[in-house]
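J.: For reference, this is model01.txt, and it has compact mmCIF, C-alpha atoms.
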# COMPACT_ATOMS: atom_id res chain seq x y z
CA MET P 165 59.58 16.09 -14.83
CA ALA P 166 59.89 19.26 -16.84
CA LEU P 167 59.13 22.42 -14.93
CA SER P 168 55.98 24.47 -15.34
CA LYS P 169 56.34 28.16 -16.19
CA GLU P 170 55.64 28.97 -12.55
CA ASP P 171 58.45 26.64 -11.47
CA ILE P 172 60.88 28.30 -13.92
CA ALA P 173 59.93 31.61 -12.31
CA LYS P 174 60.42 30.12 -8.83
CA ARG P 175 63.91 28.91 -9.73
CA ILE P 176 64.88 32.28 -11.19
CA ALA P 177 63.55 34.04 -8.08
CA LYS P 178 66.44 32.44 -6.18
CA GLU P 179 68.84 34.53 -8.30
CA VAL P 180 67.30 37.73 -6.97
CA LYS P 181 69.44 38.99 -4.11
CA ASP P 182 68.99 41.48 -1.29
CA ARG P 183 69.08 45.17 -2.40
CA TYR P 184 68.75 44.32 -6.09
CA PHE P 185 66.97 46.57 -8.57
CA VAL P 186 65.38 44.21 -11.08
CA ASN P 187 63.78 44.62 -14.51
CA LEU P 188 61.37 41.87 -15.53
CA GLY P 189 60.39 41.21 -19.13
CA ILE P 190 57.01 40.07 -20.41
CA GLY P 191 55.84 36.45 -19.90
CA ILE P 192 57.55 34.06 -17.48
CA PRO P 193 59.85 36.84 -16.12
CA THR P 194 56.81 38.78 -14.84
CA LEU P 195 55.94 35.77 -12.65
CA VAL P 196 59.31 35.95 -10.88
CA ALA P 197 58.04 38.82 -8.69
CA ASN P 198 55.56 36.40 -7.08
CA TYR P 199 58.30 34.15 -5.73
CA VAL P 200 61.02 36.47 -4.45
CA ARG P 201 61.87 35.85 -0.77
CA GLU P 202 60.00 38.19 1.51
CA ASP P 203 62.90 38.74 3.90
CA ILE P 204 65.01 40.60 1.29
CA ALA P 205 64.64 44.14 -0.06
CA VAL P 206 64.09 44.20 -3.83
CA GLU P 207 62.70 46.92 -6.09
CA PHE P 208 61.19 46.19 -9.49
CA GLN P 209 61.73 48.63 -12.34
CA SER P 210 59.55 48.75 -15.42
CA GLU P 211 61.06 50.55 -18.39
CA ASN P 212 57.92 52.52 -19.20
CA GLY P 213 58.76 54.63 -16.17
CA VAL P 214 58.21 53.20 -12.71
CA LEU P 215 60.43 51.99 -9.90
CA GLY P 216 58.90 50.26 -6.91
CA MET P 217 56.24 48.27 -8.70
CA GLY P 218 53.78 46.39 -6.51
CA PRO P 219 51.26 43.64 -7.20
CA PHE P 220 48.28 43.88 -9.55
CA PRO P 221 45.49 46.09 -8.22
CA PHE P 222 42.32 44.75 -6.64
CA GLU P 223 39.36 44.71 -8.98
CA GLY P 224 37.87 48.19 -9.26
CA GLU P 225 41.13 49.87 -8.31
CA GLU P 226 42.79 49.68 -11.74
CA ASP P 227 44.23 52.97 -12.96
CA ALA P 228 44.77 53.42 -16.71
CA ASP P 229 47.70 55.74 -15.89
CA ILE P 230 49.61 53.14 -13.86
CA ILE P 231 50.82 50.23 -15.96
CA ASN P 232 53.95 48.14 -16.47
CA ALA P 233 55.87 47.57 -19.71
CA GLY P 234 53.55 44.66 -20.50
CA LYS P 235 50.69 47.23 -20.45
CA GLN P 236 49.21 45.48 -17.41
CA THR P 237 47.58 47.52 -14.67
CA ILE P 238 49.80 47.56 -11.58
CA THR P 239 50.14 49.21 -8.19
CA THR P 240 53.11 50.93 -6.59
CA LEU P 241 54.71 50.29 -3.21
CA PRO P 242 55.77 52.91 -0.64
CA GLY P 243 58.95 54.55 -1.92
CA ALA P 244 57.96 54.17 -5.57
CA SER P 245 58.68 56.79 -8.23
CA PHE P 246 57.61 57.62 -11.78
CA PHE P 247 59.85 59.03 -14.50
CA ASP P 248 59.92 59.51 -18.26
CA SER P 249 61.17 56.99 -20.83
CA ALA P 250 64.52 58.68 -21.48
CA PHE P 251 65.27 58.80 -17.76
CA SER P 252 64.19 55.18 -17.41
CA PHE P 253 66.66 53.97 -20.02
CA GLY P 254 69.25 56.27 -18.52
CA MET P 255 69.14 54.27 -15.30
CA ILE P 256 69.35 51.08 -17.37
CA ARG P 257 72.34 52.20 -19.46
CA SER P 258 74.17 53.54 -16.42
CA GLN P 259 73.75 50.11 -14.82
CA LYS P 260 71.72 51.15 -11.82
CA VAL P 261 69.52 48.14 -12.55
CA ASP P 262 71.29 45.04 -11.19
CA LEU P 263 69.44 42.24 -12.90
CA THR P 264 67.45 41.87 -16.10
CA ILE P 265 65.25 38.81 -16.60
CA LEU P 266 63.76 38.34 -20.05
CA GLY P 267 62.36 35.79 -22.45
CA ALA P 268 63.99 34.64 -25.69
CA MET P 269 63.37 32.74 -28.90
CA GLU P 270 67.01 31.63 -29.13
CA VAL P 271 70.18 31.86 -27.05
CA SER P 272 73.62 30.86 -28.32
CA GLU P 273 76.64 29.48 -26.50
CA ASN P 274 78.50 32.80 -26.71
CA GLY P 275 75.62 34.56 -24.95
CA ASP P 276 73.86 36.04 -27.99
CA ILE P 277 70.11 36.40 -27.71
CA ALA P 278 67.32 36.66 -30.31
CA ASN P 279 63.81 37.57 -29.25
CA TRP P 280 62.19 40.18 -31.46
CA LYS P 281 61.66 39.00 -35.02
CA ILE P 282 61.15 36.00 -37.28
CA PRO P 283 61.86 37.40 -40.77
CA GLY P 284 58.80 37.35 -43.01
CA LYS P 285 56.60 35.75 -40.35
CA MET P 286 56.45 37.61 -37.11
CA VAL P 287 57.69 40.95 -35.92
CA LYS P 288 57.06 41.90 -32.32
CA GLY P 289 59.67 44.61 -32.16
CA MET P 290 62.53 44.82 -29.71
CA GLY P 291 60.83 47.18 -27.29
CA GLY P 292 63.36 47.85 -24.55
CA ALA P 293 65.13 44.50 -24.87
CA MET P 294 68.07 45.74 -26.97
CA ASP P 295 68.79 48.55 -24.51
CA LEU P 296 68.48 46.21 -21.54
CA VAL P 297 70.75 43.47 -22.86
CA ALA P 298 73.36 45.94 -24.12
CA SER P 299 73.74 47.51 -20.71
CA ALA P 300 72.73 45.16 -17.90
CA GLU P 301 75.58 43.40 -16.12
CA ASN P 302 73.53 40.39 -15.16
CA ILE P 303 71.08 38.95 -17.65
CA ILE P 304 69.07 35.81 -17.04
CA VAL P 305 66.91 34.32 -19.76
CA ALA P 306 63.70 32.49 -18.91
CA MET P 307 62.54 30.33 -21.78
CA MET P 308 61.32 26.93 -22.92
CA HIS P 309 64.18 24.64 -23.93
CA VAL P 310 62.60 23.64 -27.25
CA ASN P 311 60.14 25.41 -29.55
CA LYS P 312 56.68 24.16 -30.52
CA ALA P 313 58.21 22.13 -33.35
CA GLY P 314 60.42 20.37 -30.80
CA GLU P 315 63.61 22.11 -31.94
CA SER P 316 66.23 23.29 -29.49
CA LYS P 317 66.30 27.01 -28.69
CA ILE P 318 69.71 26.60 -27.06
CA LEU P 319 72.06 26.83 -30.02
CA LYS P 320 75.68 27.03 -31.12
CA ARG P 321 74.72 30.11 -33.16
CA CYS P 322 71.43 32.00 -33.24
CA THR P 323 69.57 31.75 -36.55
CA LEU P 324 67.17 34.65 -35.95
CA PRO P 325 68.03 38.38 -36.02
CA LEU P 326 69.90 39.20 -32.82
CA THR P 327 68.75 41.36 -29.95
CA GLY P 328 72.18 41.52 -28.35
CA VAL P 329 75.62 39.92 -28.54
CA GLY P 330 77.55 38.12 -25.83
CA CYS P 331 75.29 39.33 -23.05
CA VAL P 332 73.34 36.42 -21.53
CA LYS P 333 74.81 35.06 -18.30
CA LYS P 334 72.36 32.33 -17.37
CA VAL P 335 69.44 30.46 -18.92
CA VAL P 336 66.67 28.74 -16.97
CA THR P 337 64.38 26.41 -18.92
CA GLU P 338 61.84 23.73 -18.02
CA LEU P 339 64.69 21.23 -18.20
CA ALA P 340 67.84 22.86 -16.91
CA VAL P 341 69.85 25.76 -15.53
CA LEU P 342 72.69 26.69 -17.88
CA GLU P 343 75.50 29.14 -17.37
CA VAL P 344 77.12 30.91 -20.33
CA THR P 345 80.88 30.55 -19.90
CA GLU P 346 83.79 31.51 -22.13
CA LYS P 347 83.82 27.91 -23.34
CA GLY P 348 80.08 27.64 -23.93
CA PHE P 349 77.03 26.42 -22.02
CA LYS P 350 77.76 24.77 -18.71
CA LEU P 351 75.02 22.57 -17.28
CA LEU P 352 74.52 23.64 -13.65
CA GLU P 353 71.26 21.98 -12.63
CA ARG P 354 68.60 19.71 -14.05
CA ALA P 355 64.86 19.76 -13.44
CA PRO P 356 63.68 17.16 -10.90
CA GLY P 357 63.49 13.77 -12.59
CA VAL P 358 65.00 14.98 -15.87
CA SER P 359 68.11 13.08 -16.91
CA VAL P 360 71.32 14.64 -18.20
CA GLU P 361 70.89 12.52 -21.34
CA HIS P 362 67.45 14.05 -21.96
CA ILE P 363 68.92 17.55 -21.63
CA ILE P 364 71.77 16.72 -24.03
CA ALA P 365 69.28 15.30 -26.54
CA SER P 366 67.14 18.46 -26.29
CA THR P 367 70.07 20.84 -26.78
CA GLU P 368 71.66 21.69 -30.12
CA ALA P 369 74.64 23.40 -28.50
CA ASP P 370 77.37 21.41 -26.78
CA LEU P 371 77.14 21.26 -23.00
CA ILE P 372 79.98 21.36 -20.52
CA ILE P 373 79.15 18.74 -17.92
CA GLU P 374 81.36 18.45 -14.88
CA GLY P 375 80.69 15.73 -12.30
CA GLU P 376 77.27 14.93 -10.89
CA ILE P 377 74.60 17.46 -11.98
CA PRO P 378 72.31 18.28 -9.06
CA GLU P 379 68.53 18.61 -9.30
CA MET P 380 67.12 22.10 -8.98
CA SER P 381 65.48 22.90 -5.70
CA ILE P 382 62.24 24.71 -6.44
CA MET B 42 52.72 85.38 -19.20
CA ILE B 43 52.75 84.20 -22.79
CA THR B 44 49.59 82.25 -23.40
CA LYS B 45 49.61 79.00 -25.37
CA LYS B 46 45.95 78.28 -25.06
CA VAL B 47 43.99 77.36 -28.16
CA ASN B 48 40.24 76.94 -28.03
CA ASN B 49 39.89 73.41 -29.25
CA VAL B 50 41.53 70.49 -30.98
CA GLN B 51 40.71 71.91 -34.41
CA ASP B 52 42.79 75.01 -33.68
CA ALA B 53 45.49 72.82 -32.17
CA ILE B 54 46.04 70.77 -35.34
CA LYS B 55 46.18 73.75 -37.72
CA GLY B 56 49.17 73.48 -40.01
CA ILE B 57 49.47 69.70 -39.88
CA GLU B 58 49.78 68.59 -43.48
CA SER B 59 50.21 65.41 -45.46
CA GLY B 60 53.77 64.15 -45.58
CA MET B 61 54.80 65.64 -42.24
CA THR B 62 56.71 63.91 -39.45
CA ILE B 63 54.83 63.85 -36.16
CA MET B 64 55.75 62.57 -32.71
CA PHE B 65 53.02 61.08 -30.55
CA GLY B 66 53.51 60.57 -26.83
CA GLY B 67 52.25 57.55 -24.93
CA PHE B 68 53.23 53.98 -24.18
CA GLY B 69 50.74 51.42 -25.43
CA LEU B 70 47.45 53.21 -24.77
CA CYS B 71 48.76 54.88 -21.61
CA GLY B 72 49.06 58.65 -21.96
CA ILE B 73 48.24 58.89 -25.66
CA PRO B 74 46.89 62.20 -27.01
CA GLU B 75 43.58 60.58 -27.87
CA ASN B 76 41.63 63.76 -28.69
CA THR B 77 44.23 64.93 -31.21
CA ILE B 78 44.46 61.50 -32.79
CA ALA B 79 40.67 61.38 -33.15
CA ALA B 80 40.71 64.81 -34.81
CA LEU B 81 43.42 63.71 -37.27
CA VAL B 82 41.41 60.60 -38.16
CA ASN B 83 38.63 62.93 -39.28
CA THR B 84 40.89 64.75 -41.74
CA SER B 85 42.21 63.67 -45.13
CA ILE B 86 45.82 64.21 -44.00
CA SER B 87 47.93 61.28 -45.16
CA ASP B 88 51.48 60.07 -45.82
CA LEU B 89 52.45 60.84 -42.25
CA THR B 90 55.67 59.66 -40.68
CA CYS B 91 54.79 58.90 -37.08
CA ILE B 92 57.28 58.59 -34.25
CA SER B 93 55.63 56.70 -31.42
CA ASN B 94 56.70 53.81 -29.20
CA ASN B 95 53.68 51.77 -30.32
CA ALA B 96 50.89 52.24 -32.82
CA GLY B 97 48.00 51.85 -30.41
CA VAL B 98 45.75 48.84 -30.89
CA ASP B 99 43.65 47.90 -33.92
CA ASP B 100 40.71 50.09 -32.97
CA PHE B 101 42.19 52.81 -30.77
CA GLY B 102 45.02 55.29 -30.70
CA LEU B 103 47.33 55.41 -33.72
CA GLY B 104 45.75 52.13 -34.83
CA LEU B 105 42.88 54.29 -36.11
CA LEU B 106 45.23 56.29 -38.36
CA LEU B 107 46.77 53.02 -39.57
CA GLN B 108 43.37 51.61 -40.42
CA LYS B 109 42.61 54.66 -42.56
CA LYS B 110 46.03 54.33 -44.25
CA GLN B 111 47.01 57.84 -43.20
CA ILE B 112 50.45 56.69 -42.10
CA LYS B 113 53.26 56.11 -44.58
CA LYS B 114 55.95 55.28 -42.08
CA MET B 115 56.11 54.29 -38.41
CA ILE B 116 59.19 54.77 -36.24
CA SER B 117 58.52 52.61 -33.17
CA SER B 118 60.05 50.08 -30.81
CA TYR B 119 57.17 47.68 -30.46
CA VAL B 120 54.49 46.25 -32.71
CA GLY B 121 53.25 43.77 -30.15
CA GLU B 122 49.69 42.65 -30.44
CA ASN B 123 48.60 45.23 -33.03
CA ALA B 124 47.56 42.86 -35.84
CA GLU B 125 46.92 45.55 -38.45
CA PHE B 126 50.34 47.13 -37.80
CA GLU B 127 52.03 43.75 -38.21
CA ARG B 128 50.01 42.97 -41.34
CA GLN B 129 50.78 46.30 -43.08
CA MET B 130 54.44 45.95 -42.15
CA LEU B 131 54.83 42.38 -43.39
CA SER B 132 52.94 43.13 -46.62
CA GLY B 133 55.15 46.16 -47.26
CA GLU B 134 52.24 48.64 -47.31
CA LEU B 135 53.75 50.43 -44.35
CA GLU B 136 57.34 51.48 -43.96
CA VAL B 137 58.58 50.67 -40.47
CA GLU B 138 61.76 51.67 -38.69
CA LEU B 139 62.06 49.62 -35.53
CA THR B 140 64.27 51.29 -32.95
CA PRO B 141 65.27 50.12 -29.47
CA GLN B 142 63.00 51.79 -26.95
CA GLY B 143 65.76 53.56 -25.03
CA THR B 144 67.22 54.83 -28.30
CA LEU B 145 63.79 56.05 -29.38
CA ALA B 146 63.40 57.93 -26.10
CA GLU B 147 66.90 59.39 -26.29
CA ARG B 148 66.43 60.49 -29.91
CA CYS B 149 63.40 62.45 -28.70
CA ARG B 150 65.28 63.80 -25.69
CA ALA B 151 68.24 64.78 -27.90
CA ALA B 152 65.89 66.75 -30.16
CA GLN B 153 64.37 68.36 -27.08
CA ALA B 154 67.82 69.17 -25.71
CA GLY B 155 69.45 70.43 -28.92
CA ILE B 156 71.90 67.55 -29.22
CA PRO B 157 72.29 66.35 -32.84
CA ALA B 158 73.50 62.80 -32.13
CA PHE B 159 74.79 60.48 -29.42
CA PHE B 160 76.33 57.04 -28.89
CA THR B 161 74.54 54.11 -27.29
CA PRO B 162 75.45 50.44 -26.86
CA ALA B 163 71.87 49.36 -27.66
CA GLY B 164 71.66 47.45 -30.91
CA TYR B 165 75.39 47.01 -31.45
CA GLY B 166 75.99 43.76 -33.36
CA THR B 167 72.36 43.60 -34.55
CA GLU B 168 70.63 44.72 -37.73
CA VAL B 169 69.77 47.99 -35.96
CA ALA B 170 73.47 48.93 -36.22
CA GLU B 171 73.65 48.45 -40.01
CA GLY B 172 74.98 51.57 -41.73
CA LYS B 173 75.64 53.39 -38.48
CA GLU B 174 78.97 54.61 -37.18
CA ALA B 175 80.33 52.34 -34.43
CA ARG B 176 82.87 53.48 -31.87
CA GLU B 177 84.47 52.04 -28.79
CA PHE B 178 84.17 53.93 -25.51
CA ASN B 179 85.56 52.52 -22.26
CA GLY B 180 86.17 49.15 -23.87
CA LYS B 181 82.62 48.77 -25.11
CA MET B 182 81.16 49.21 -28.60
CA HIS B 183 78.52 51.86 -29.23
CA ILE B 184 76.60 53.05 -32.28
CA MET B 185 75.76 56.60 -33.26
CA GLU B 186 72.12 57.61 -33.28
CA HIS B 187 70.65 60.92 -34.42
CA ALA B 188 68.13 63.24 -32.84
CA PHE B 189 64.71 63.14 -34.46
CA LYS B 190 63.50 66.01 -36.60
CA ALA B 191 59.75 66.37 -36.35
CA ASP B 192 57.30 68.99 -37.61
CA PHE B 193 54.95 68.47 -34.69
CA ALA B 194 55.16 66.78 -31.31
CA ILE B 195 51.81 65.86 -29.81
CA VAL B 196 51.74 65.04 -26.13
CA LYS B 197 49.18 64.38 -23.44
CA ALA B 198 49.44 65.56 -19.84
CA TRP B 199 47.29 65.33 -16.74
CA LYS B 200 47.26 69.01 -15.85
CA GLY B 201 48.48 72.07 -17.65
CA ASP B 202 48.04 75.82 -17.56
CA GLU B 203 47.73 78.50 -20.22
CA ALA B 204 51.48 79.13 -20.05
CA GLY B 205 51.94 75.57 -21.32
CA ASN B 206 53.36 74.15 -18.10
CA LEU B 207 52.66 70.43 -17.83
CA ILE B 208 52.26 67.87 -15.07
CA PHE B 209 51.92 64.18 -15.85
CA LYS B 210 50.39 61.39 -13.82
CA GLY B 211 51.83 57.95 -13.13
CA THR B 212 53.40 56.07 -16.01
CA ALA B 213 51.53 58.30 -18.49
CA ARG B 214 54.62 60.53 -18.35
CA ASN B 215 56.56 58.02 -20.52
CA PHE B 216 57.42 59.49 -23.95
CA ASN B 217 55.26 62.57 -23.42
CA ALA B 218 57.90 64.26 -21.29
CA CYS B 219 60.65 63.40 -23.82
CA MET B 220 58.69 64.66 -26.83
CA ALA B 221 57.47 67.97 -25.42
CA GLY B 222 59.62 70.53 -27.22
CA ALA B 223 61.16 67.92 -29.51
CA GLY B 224 59.15 68.99 -32.56
CA LYS B 225 59.02 72.40 -34.28
CA ILE B 226 55.58 72.87 -32.76
CA THR B 227 54.42 71.03 -29.66
CA ILE B 228 50.72 70.47 -29.04
CA ALA B 229 49.71 69.45 -25.53
CA GLU B 230 46.28 68.10 -24.74
CA VAL B 231 45.50 67.98 -21.04
CA GLU B 232 42.81 66.44 -18.89
CA GLU B 233 42.53 69.64 -16.93
CA LEU B 234 43.56 73.11 -18.10
CA VAL B 235 43.90 75.27 -14.99
CA PRO B 236 44.38 79.06 -14.61
CA VAL B 237 47.99 80.26 -14.42
CA GLY B 238 49.19 80.51 -10.87
CA THR B 239 47.31 77.39 -9.81
CA LEU B 240 50.15 74.95 -10.42
CA ASP B 241 53.06 74.93 -7.99
CA PRO B 242 56.22 75.83 -10.01
CA ASN B 243 58.10 73.22 -7.96
CA GLN B 244 55.89 70.48 -9.32
CA ILE B 245 56.06 71.31 -13.06
CA HIS B 246 57.45 68.42 -15.12
CA ILE B 247 57.73 70.33 -18.41
CA PRO B 248 58.06 74.11 -18.47
CA GLY B 249 55.73 76.03 -20.77
CA ILE B 250 58.53 77.15 -23.11
CA MET B 251 58.44 73.65 -24.63
CA VAL B 252 54.75 73.90 -25.56
CA GLN B 253 53.27 76.11 -28.30
CA ARG B 254 49.61 75.05 -28.14
CA ILE B 255 47.62 73.70 -25.22
CA PHE B 256 43.97 72.74 -24.86
CA GLN B 257 41.75 70.72 -22.60
CA GLY B 258 40.64 67.50 -24.26
CA GLU B 259 36.90 67.15 -24.65
CA LYS B 260 36.83 63.61 -23.28
CA PHE B 261 39.34 60.98 -22.29
CA GLU B 262 38.42 57.35 -22.71
CA LYS B 263 41.76 56.18 -21.23
CA ARG B 264 41.41 52.61 -22.35
CA ILE B 265 43.28 49.86 -20.52
CA GLU B 266 45.10 47.41 -22.77
CA GLN B 267 45.72 44.60 -20.26
CA ARG B 268 43.39 44.84 -17.30
CA THR B 269 45.04 42.70 -14.66
CA VAL B 270 43.68 42.42 -11.14
CA ARG B 271 44.14 40.25 -8.11
CA ILE B 272 41.41 38.61 -6.11
CA ARG B 273 40.53 40.25 -2.80
Just give me the structure as structure tokens.
T.:
Amino acid sequence: MALSKEDIAKRIAKEVKDRYFVNLGIGIPTLVANYVREDIAVEFQSENGVLGMGPFPFEGEEDADIINAGKQTITTLPGASFFDSAFSFGMIRSQKVDLTILGAMEVSENGDIANWKIPGKMVKGMGGAMDLVASAENIIVAMMHVNKAGESKILKRCTLPLTGVGCVKKVVTELAVLEVTEKGFKLLERAPGVSVEHIIASTEADLIIEGEIPEMSI
Amino acid sequence: MITKKVNNVQDAIKGIESGMTIMFGGFGLCGIPENTIAALVNTSISDLTCISNNAGVDDFGLGLLLQKKQIKKMISSYVGENAEFERQMLSGELEVELTPQGTLAERCRAAQAGIPAFFTPAGYGTEVAEGKEAREFNGKMHIMEHAFKADFAIVKAWKGDEAGNLIFKGTARNFNACMAGAGKITIAEVEELVPVGTLDPNQIHIPGIMVQRIFQGEKFEKRIEQRTVRIR
């Protein structure tokens, strides 16, 4: 069965390692924080200027001056710090942030990502995504495998305006975990009960499939 | 002590004219100079070029200036959920320069720091890089970006004193701290204007030399864009 958004977040949470500084994008990536192991030390950075983000506040304790990049009210944990936007992207460009998890409209087999604009139809803006993908060493994309029209978002070449080139390392969808290799997408894991054939049929790009593909453990 | 205090928002916005380029601090609705924006909405000033990460929401922040068609061009990183911004952009009524957020911040900081241009990897290989000089440093491609040139920078701080020293709170520091001093004239509106000598010099985020006009805002609505809470 295809994974729920929560399950995609749960699977990605396994990629978060001890002593990682992590930046989470809007949408599914935000959910990842809920599922990170409690026995490891992880700090979440939000590019609007906070390190050491905690959970959402209890009702009545919201502070308009303490938000994340998704403009949601948040709290901070002991050891947290605030800084300005230039400083925030300084720590991103200088690769102090170990892992960036973000959503996408399209990803291509050479690791290109598109997630900010559909010409003539929709323009969200790139926000901090272009800075993050240009600098982060480890980039994981959380996205649905196909769009609402049923078309694959995992492509040989992106069709939409790019956010970054050759930067994505891994993609986790409701169907599969894919690694971006020099030779293209390699199928690492499949969602429980989802066949390799189903994944191939749902993917426009070619897939490298070596041996038995294990089911994800969620 | 050189005082920067002006009596009210009307004195603060003196000299702002149609066609000028103005920076506005804030991220979403967090830390926006809401009193100054409200005062500008009540003028007939138009054709503004606004440098701001976002354009507020439909009915608050810079969204109010958009609604009144006082803005000719926006330089921003994110349109997001602002429907009127997206509509004016797609219809061509509004000129929009979308810039990666880190580049936007650094272009402000560069102006603040007297650096004319810099190289960043953000946007290389995308349409953002079109027409810009590209160079390789340490095996990686970068594009050249220029410092902003703005007539006014308008920022919001938590506390300030008559010398123009500023202290921000929480994530409301965002672009405010990068824009202070990045325009020819910087206007700071603060929640609390305190007598000089009250603020600890060790705790100042922006020294008063960066600020030309400071006033205490009459009221701060401080709207929350996405109120998210957890159950007790």
J.: Using 8 Å as the limit and counting only C-alpha atoms, can you tabulate each residue of chain B that touches chain P, with its shortest atom-to-atom distance in Å and the two atoms involved, as a tab-separated table?
T.:
residue	atom	partner	partner_atom	distance
B:Phe68	CA	P:Asn212	CA	7.0
B:Gly69	CA	P:Lys235	CA	6.5
B:Cys71	CA	P:Asp229	CA	5.9
B:Gly72	CA	P:Asp229	CA	6.9
B:Ser118	CA	P:Gly291	CA	4.6
B:Tyr119	CA	P:Gly289	CA	4.3
B:Val120	CA	P:Lys288	CA	5.1
B:Gly121	CA	P:Lys288	CA	4.8
B:Glu122	CA	P:Lys288	CA	7.6
B:Glu127	CA	P:Val287	CA	6.7
B:Leu131	CA	P:Gly284	CA	6.4
B:Leu139	CA	P:Gly289	CA	6.5
B:Thr140	CA	P:Met290	CA	7.4
B:Pro141	CA	P:Gly292	CA	5.7
B:Gln142	CA	P:Gly292	CA	4.6
B:Gly143	CA	P:Phe253	CA	5.1
B:Thr144	CA	P:Asp295	CA	7.5
B:Ala146	CA	P:Ala250	CA	4.8
B:Glu147	CA	P:Ala250	CA	5.4
B:Arg150	CA	P:Ala250	CA	6.7
B:Pro162	CA	P:Ala298	CA	5.7
B:Ala163	CA	P:Asp295	CA	4.5
B:Gly164	CA	P:Met294	CA	5.6
B:Tyr165	CA	P:Gly328	CA	7.1
B:Gly166	CA	P:Val329	CA	6.2
B:Thr167	CA	P:Leu326	CA	5.3
B:Glu168	CA	P:Pro325	CA	7.1
B:Lys210	CA	P:Asp229	CA	6.6
B:Gly211	CA	P:Ile230	CA	5.3
B:Thr212	CA	P:Ile230	CA	5.3
B:Ala213	CA	P:Asp229	CA	5.3
B:Arg214	CA	P:Asp248	CA	5.4
B:Asn215	CA	P:Asp248	CA	4.3
B:Phe216	CA	P:Ser249	CA	5.5
B:Asn217	CA	P:Asp248	CA	7.6
B:Ala218	CA	P:Asp248	CA	6.0
B:Cys219	CA	P:Ala250	CA	6.5
B:Lys263	CA	P:Ala228	CA	6.1
B:Arg264	CA	P:Ala228	CA	6.6
B:Ile265	CA	P:Ala228	CA	5.4
B:Glu266	CA	P:Lys235	CA	6.1
B:Gln267	CA	P:Gln236	CA	4.6
B:Arg268	CA	P:Thr237	CA	5.6
B:Thr269	CA	P:Thr237	CA	5.4
B:Val270	CA	P:Pro221	CA	5.0
B:Arg271	CA	P:Phe222	CA	5.1
B:Ile272	CA	P:Phe222	CA	6.2
B:Arg273	CA	P:Phe222	CA	6.2
J.: Report, in Å to a single decimal, how far apart atom CA of P:Ala340 and atom CA of P:Thr367 are.
T.: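 Taking atom CA of P:Thr367 and atom CA of P:Ala340, their separation equals 10.3 Å.
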J.: So which one's closest to B:Glu136, B:Ser117, B:Thr161, B:Ser59, B:Thr84? Using all atoms listed in the file, please.
T.: B:Ser117
J.: Pick the closest to B:Thr62 from B:Met182, B:Ala191, B:Ile112, B:Ala158: which is it, counting all atoms listed in the file?
T.: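 Smallest distance to B:Thr62 is found for B:Ala191.
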J.: Between atom CA of P:Leu371 and atom CA of P:Leu342, what is the distance in Å, rounded to a tenth?
T.: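 Separation of atom CA of P:Leu371 and atom CA of P:Leu342: 8.7 Å.
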J.: Calculate, to one decimal in Å, the centre and edge lengths of the box along x, y and z of the file that holds all listed atoms of stretch 309-321 of chain P with 3 Å of margin on each side, and present them as AutoDock Vina command-line options.
T.:
--center_x 66.2 --center_y 25.2 --center_z -28.6 --size_x 25.0 --size_y 15.7 --size_z 15.4
J.: For P:Pro193, find every residue with an atom within 8 Å (counting all atoms listed in the file), except residues of its own chain fewer than 6 positions away, and show them as a PyMOL selection string.
T.: chain P and resi 173+265-267+306
J.: With all atoms listed in the file as the basis for distance, which of B:Ser132, B:Asn49, B:Asn76, B:Thr44 is at the shortest distance from B:Glu262?
T.: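 Closest residue, counting all atoms listed in the file: B:Asn76.
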J.: So what do you get for atom CA of P:Glu346 versus atom CA of P:Asn274, distance-wise?
T.: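 Straight-line distance from atom CA of P:Glu346 to atom CA of P:Asn274 works out to 7.1 Å.
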